[in-house]
Every structure is written in C-alpha cells, then in structure tokens.
Amino acid sequence: MRHIKLGVNIDHVATLRQARREKNPDTVEAARVVYSSGGDLVVMHLRQDRRHIQDSDIERVRNEVKGLIHLEMAAVPEMEKIALRLRPDSVCLVPEGPKEVTTQGGLKLEGKQTELAKIIKNLSNAGLSVSLFTDPEPGAIRAAHNLGADSIELCTSKYSEAWGKKLQAKELEKLQLAGFLVKELKMELHAGHGLDYYNVAPVARIEGMDCLNIGYSIISRAMFVGLKTAVSEMKRLIQ
Ligand code: PXP
C-alpha cells in the first residue's frame, strides 16, 4: 500500500470558535483527534486578518500535541517572522487577498521572485521545509524550483470545480503532467484545495503524490459523523 500523507486543515474548527469568540471547539482537541485518526499533519492557515486561526492556535498545538504542523501563510515579512518564532515543521506560501472567502488559485510568481527567494531562504535556513502553492502550470513549477522550494502543492481547485466528466478529465490530466514535472525536478509533490470524498481518489492516484491537504470537506463531514470518522474515511480513500 502506498503511503500518501494526509494533511488535515483545521481552519474551520477555528472559524466556528471565532463565531462566538469562545474557547470551543478547541483546535488543540481537533489536532489530537486528527493525529490519532490517521492524519499525518495538522494544517493551519494563519491569515493576515486572523479570521479563523490565531497565532495562539499554532503555539498551543505546537506545545500541547505531538505531531507535524504545516503552516499556510502569505509571503510577507510579518508571517515570516511568526513562522521563524513558532517553528512549524513545514510552510506553504500561498497568495492571499483580503476579501476572498478562500485561497484563489496558485501563487503568481512574476515580479515577486526576489522577495520570495529571500523568504524561502530564511525559512529553509531555519530548518523549515518550504512548499509553494502553484497552479498546475510548467512555468510556475520551474520558477518555484529555481526559487529553492522543497515541495510544490498543486492547486486542485479547477479540477474540483470542473463540471462534467470531460472537463474534469482535462483538469486531471493537467495535474498529472504537472506532477510528472515536479517529480522530474526531484521535489515533493503535494496537492490540495476543494478536494472531497467524491473527487479525491484520482488525485491520490497521481504518480508520485506525496501529500494531500484537505480541510473544508473533512470538517463539514465531521459535523455529522465526528472528526475521527471523517479523517479516517478520507485517509482510507487516499491509500
Ligand atoms: N491547500 C491550500 C494551499 C489552501 O490554501 C487550502 C485552503 O486553506 C487547502 C489546501 C485546503 O482546501 P480545502 O479547505 O478546500 O480542502
């Protein structure tokens, strides 16, 4: 059996908590359940507007639970400083807009290469593994490789949103070809965004896939079946 890592994004556990600014549901408790149900990484996106995950969530999960933490963040000096202080195991640099409800596509690298290269170098020198969230486009993947990233997380939102078998197959093929290039460049291959219990299997079967990062569908399902079942069902589907 292939072992594909499952990163479980717990942002929306914090979204529910922030609705009341209460202590529950607690992200530390969520992280414990993720790790004990087959999740390999706990993923948190610390947004600049702090709409869900707070700095203290990362700090508490780091200090109170044993397991790998993957931090998603914008490539800005504030977040770089926080990552260097809180020391997640890995970081994914993502584009971030103030009004978006979720991440909109991969990073646009044009014109930002110098600042990105500097952040990647600083994080790598501190021992953090760095991933770049890119669209499944050869140009973006080669640029990310040249910037010194360890991994590529392919944005699966176009695949996830594709309507009908034909369009979905076309988007899947783009992901497969992009995955092939990532492996040729000897980088780790990750994918995520919009993956759910119905569309995940073909992405998990992409040659060389190392890790899938999934949030919304798992936390939504957890409302009805509990987080333990939601995580373990997803884990089973991706093996
Ligand atoms: N990967 C990245 C880079 C993301 O920004 C997100 C959303 O925070 C995800 C994966 C997870 O997406 P979803 O919540 O749609 O599963």
# chains A, B, ... in the order shown; residues from 1 in each chain; ligands from 1
>>> closest_atom_pairs(of="chain A", to="ligand 1", cutoff="8 Å", atoms="only C-alpha atoms and all ligand atoms", output="JSON lines")
{"residue": "A:Asn9", "atom": "CA", "partner": "ligand 1", "partner_atom_place_in_ligand_line": "11 (C)", "distance": 6.1}
{"residue": "A:Asp11", "atom": "CA", "partner": "ligand 1", "partner_atom_place_in_ligand_line": "8 (O)", "distance": 7.1}
{"residue": "A:Met44", "atom": "CA", "partner": "ligand 1", "partner_atom_place_in_ligand_line": "8 (O)", "distance": 7.5}
{"residue": "A:His45", "atom": "CA", "partner": "ligand 1", "partner_atom_place_in_ligand_line": "8 (O)", "distance": 5.9}
{"residue": "A:Glu72", "atom": "CA", "partner": "ligand 1", "partner_atom_place_in_ligand_line": "3 (C)", "distance": 6.4}
{"residue": "A:Cys92", "atom": "CA", "partner": "ligand 1", "partner_atom_place_in_ligand_line": "3 (C)", "distance": 6.6}
{"residue": "A:Leu93", "atom": "CA", "partner": "ligand 1", "partner_atom_place_in_ligand_line": "3 (C)", "distance": 7.5}
{"residue": "A:Val94", "atom": "CA", "partner": "ligand 1", "partner_atom_place_in_ligand_line": "3 (C)", "distance": 5.8}
{"residue": "A:Thr102", "atom": "CA", "partner": "ligand 1", "partner_atom_place_in_ligand_line": "7 (C)", "distance": 6.2}
{"residue": "A:Thr103", "atom": "CA", "partner": "ligand 1", "partner_atom_place_in_ligand_line": "5 (O)", "distance": 4.9}
{"residue": "A:Gly106", "atom": "CA", "partner": "ligand 1", "partner_atom_place_in_ligand_line": "3 (C)", "distance": 7.9}
{"residue": "A:Phe133", "atom": "CA", "partner": "ligand 1", "partner_atom_place_in_ligand_line": "3 (C)", "distance": 5.5}
{"residue": "A:Glu153", "atom": "CA", "partner": "ligand 1", "partner_atom_place_in_ligand_line": "3 (C)", "distance": 6.8}
{"residue": "A:Cys155", "atom": "CA", "partner": "ligand 1", "partner_atom_place_in_ligand_line": "1 (N)", "distance": 7.0}
{"residue": "A:Ser157", "atom": "CA", "partner": "ligand 1", "partner_atom_place_in_ligand_line": "15 (O)", "distance": 7.6}
{"residue": "A:Ala191", "atom": "CA", "partner": "ligand 1", "partner_atom_place_in_ligand_line": "1 (N)", "distance": 6.9}
{"residue": "A:Gly192", "atom": "CA", "partner": "ligand 1", "partner_atom_place_in_ligand_line": "10 (C)", "distance": 4.2}
{"residue": "A:His193", "atom": "CA", "partner": "ligand 1", "partner_atom_place_in_ligand_line": "12 (O)", "distance": 3.5}
{"residue": "A:Gly194", "atom": "CA", "partner": "ligand 1", "partner_atom_place_in_ligand_line": "15 (O)", "distance": 3.5}
{"residue": "A:Leu195", "atom": "CA", "partner": "ligand 1", "partner_atom_place_in_ligand_line": "16 (O)", "distance": 5.4}
{"residue": "A:Asp196", "atom": "CA", "partner": "ligand 1", "partner_atom_place_in_ligand_line": "16 (O)", "distance": 7.1}
{"residue": "A:Leu212", "atom": "CA", "partner": "ligand 1", "partner_atom_place_in_ligand_line": "10 (C)", "distance": 7.8}
{"residue": "A:Asn213", "atom": "CA", "partner": "ligand 1", "partner_atom_place_in_ligand_line": "10 (C)", "distance": 4.8}
{"residue": "A:Ile214", "atom": "CA", "partner": "ligand 1", "partner_atom_place_in_ligand_line": "16 (O)", "distance": 3.7}
{"residue": "A:Gly215", "atom": "CA", "partner": "ligand 1", "partner_atom_place_in_ligand_line": "14 (O)", "distance": 3.7}
{"residue": "A:Tyr216", "atom": "CA", "partner": "ligand 1", "partner_atom_place_in_ligand_line": "14 (O)", "distance": 3.8}
{"residue": "A:Ser217", "atom": "CA", "partner": "ligand 1", "partner_atom_place_in_ligand_line": "16 (O)", "distance": 6.0}
{"residue": "A:Ile218", "atom": "CA", "partner": "ligand 1", "partner_atom_place_in_ligand_line": "16 (O)", "distance": 7.5}
>>> write_last_selection(atoms="C-alpha atoms", output="mmCIF file, in the first residue's frame")
data_model
loop_
_atom_site.group_PDB
_atom_site.id
_atom_site.type_symbol
_atom_site.label_atom_id
_atom_site.label_comp_id
_atom_site.auth_asym_id
_atom_site.auth_seq_id
_atom_site.Cartn_x
_atom_site.Cartn_y
_atom_site.Cartn_z
ATOM 1 C CA ASN A 9 -6.655 21.654 7.595
ATOM 2 C CA ASP A 11 -9.042 26.338 9.929
ATOM 3 C CA MET A 44 -3.406 25.789 9.659
ATOM 4 C CA HIS A 45 -3.621 28.937 7.532
ATOM 5 C CA GLU A 72 -0.033 28.066 5.236
ATOM 6 C CA CYS A 92 3.322 26.582 2.305
ATOM 7 C CA LEU A 93 3.456 30.039 0.757
ATOM 8 C CA VAL A 94 0.068 30.959 -0.661
ATOM 9 C CA THR A 102 -10.747 31.037 0.363
ATOM 10 C CA THR A 103 -7.405 30.877 -1.486
ATOM 11 C CA GLY A 106 -1.780 29.373 -7.066
ATOM 12 C CA PHE A 133 1.193 26.636 -3.856
ATOM 13 C CA GLU A 153 1.496 21.983 -3.739
ATOM 14 C CA CYS A 155 -3.779 23.811 -6.718
ATOM 15 C CA SER A 157 -9.462 23.977 -7.384
ATOM 16 C CA ALA A 191 -1.932 18.829 -3.866
ATOM 17 C CA GLY A 192 -4.986 20.409 -2.382
ATOM 18 C CA HIS A 193 -7.953 22.742 -2.455
ATOM 19 C CA GLY A 194 -11.547 21.725 -2.955
ATOM 20 C CA LEU A 195 -10.838 18.001 -2.629
ATOM 21 C CA ASP A 196 -13.662 15.942 -1.133
ATOM 22 C CA LEU A 212 -2.856 15.820 0.092
ATOM 23 C CA ASN A 213 -4.006 18.798 2.147
ATOM 24 C CA ILE A 214 -7.749 18.794 2.756
ATOM 25 C CA GLY A 215 -9.889 20.936 5.026
ATOM 26 C CA TYR A 216 -13.384 22.042 4.188
ATOM 27 C CA SER A 217 -14.846 18.678 3.184
ATOM 28 C CA ILE A 218 -13.416 16.883 6.230
#
>>> residues_around(residues="Thr27 in chain A", least_positions_apart="3", cutoff="7 Å", atoms="only C-alpha atoms", output="PyMOL selection string")
chain A and resi 13-14+30-31+57
>>> residues_around(residues="Ile141 in chain A", least_positions_apart="4", cutoff="8 Å", atoms="only C-alpha atoms", output="count of residues only")
8
>>> atom_distance(atom1="CA of His12 in chain A", atom2="CA of Val42 in chain A")
12.4 Å
>>> select_by_dssp(residues="range 92-202 of chain A", states="alpha helix (DSSP H)", output="ChimeraX atom specification")
/A:113-125,138-146,157-161,165-184,200-202
>>> atom_distance(atom1="CA of Lys166 in chain A", atom2="CA of Arg2 in chain A")
27.7 Å
>>> closest_residue(among="A:Gly164, A:Pro138, A:Gly39, A:Gly208", to="Lys228 in chain A", atoms="only C-alpha atoms")
A:Gly39
>>> atom_distance(atom1="CA of Ser90 in chain A", atom2="CA of Lys66 in chain A")
14.7 Å
>>> residues_around(residues="Leu109 in chain A", least_positions_apart="3", cutoff="9 Å", atoms="only C-alpha atoms", output="MDAnalysis selection string")
chainID A and resid 112:113 116 134 140 143:144
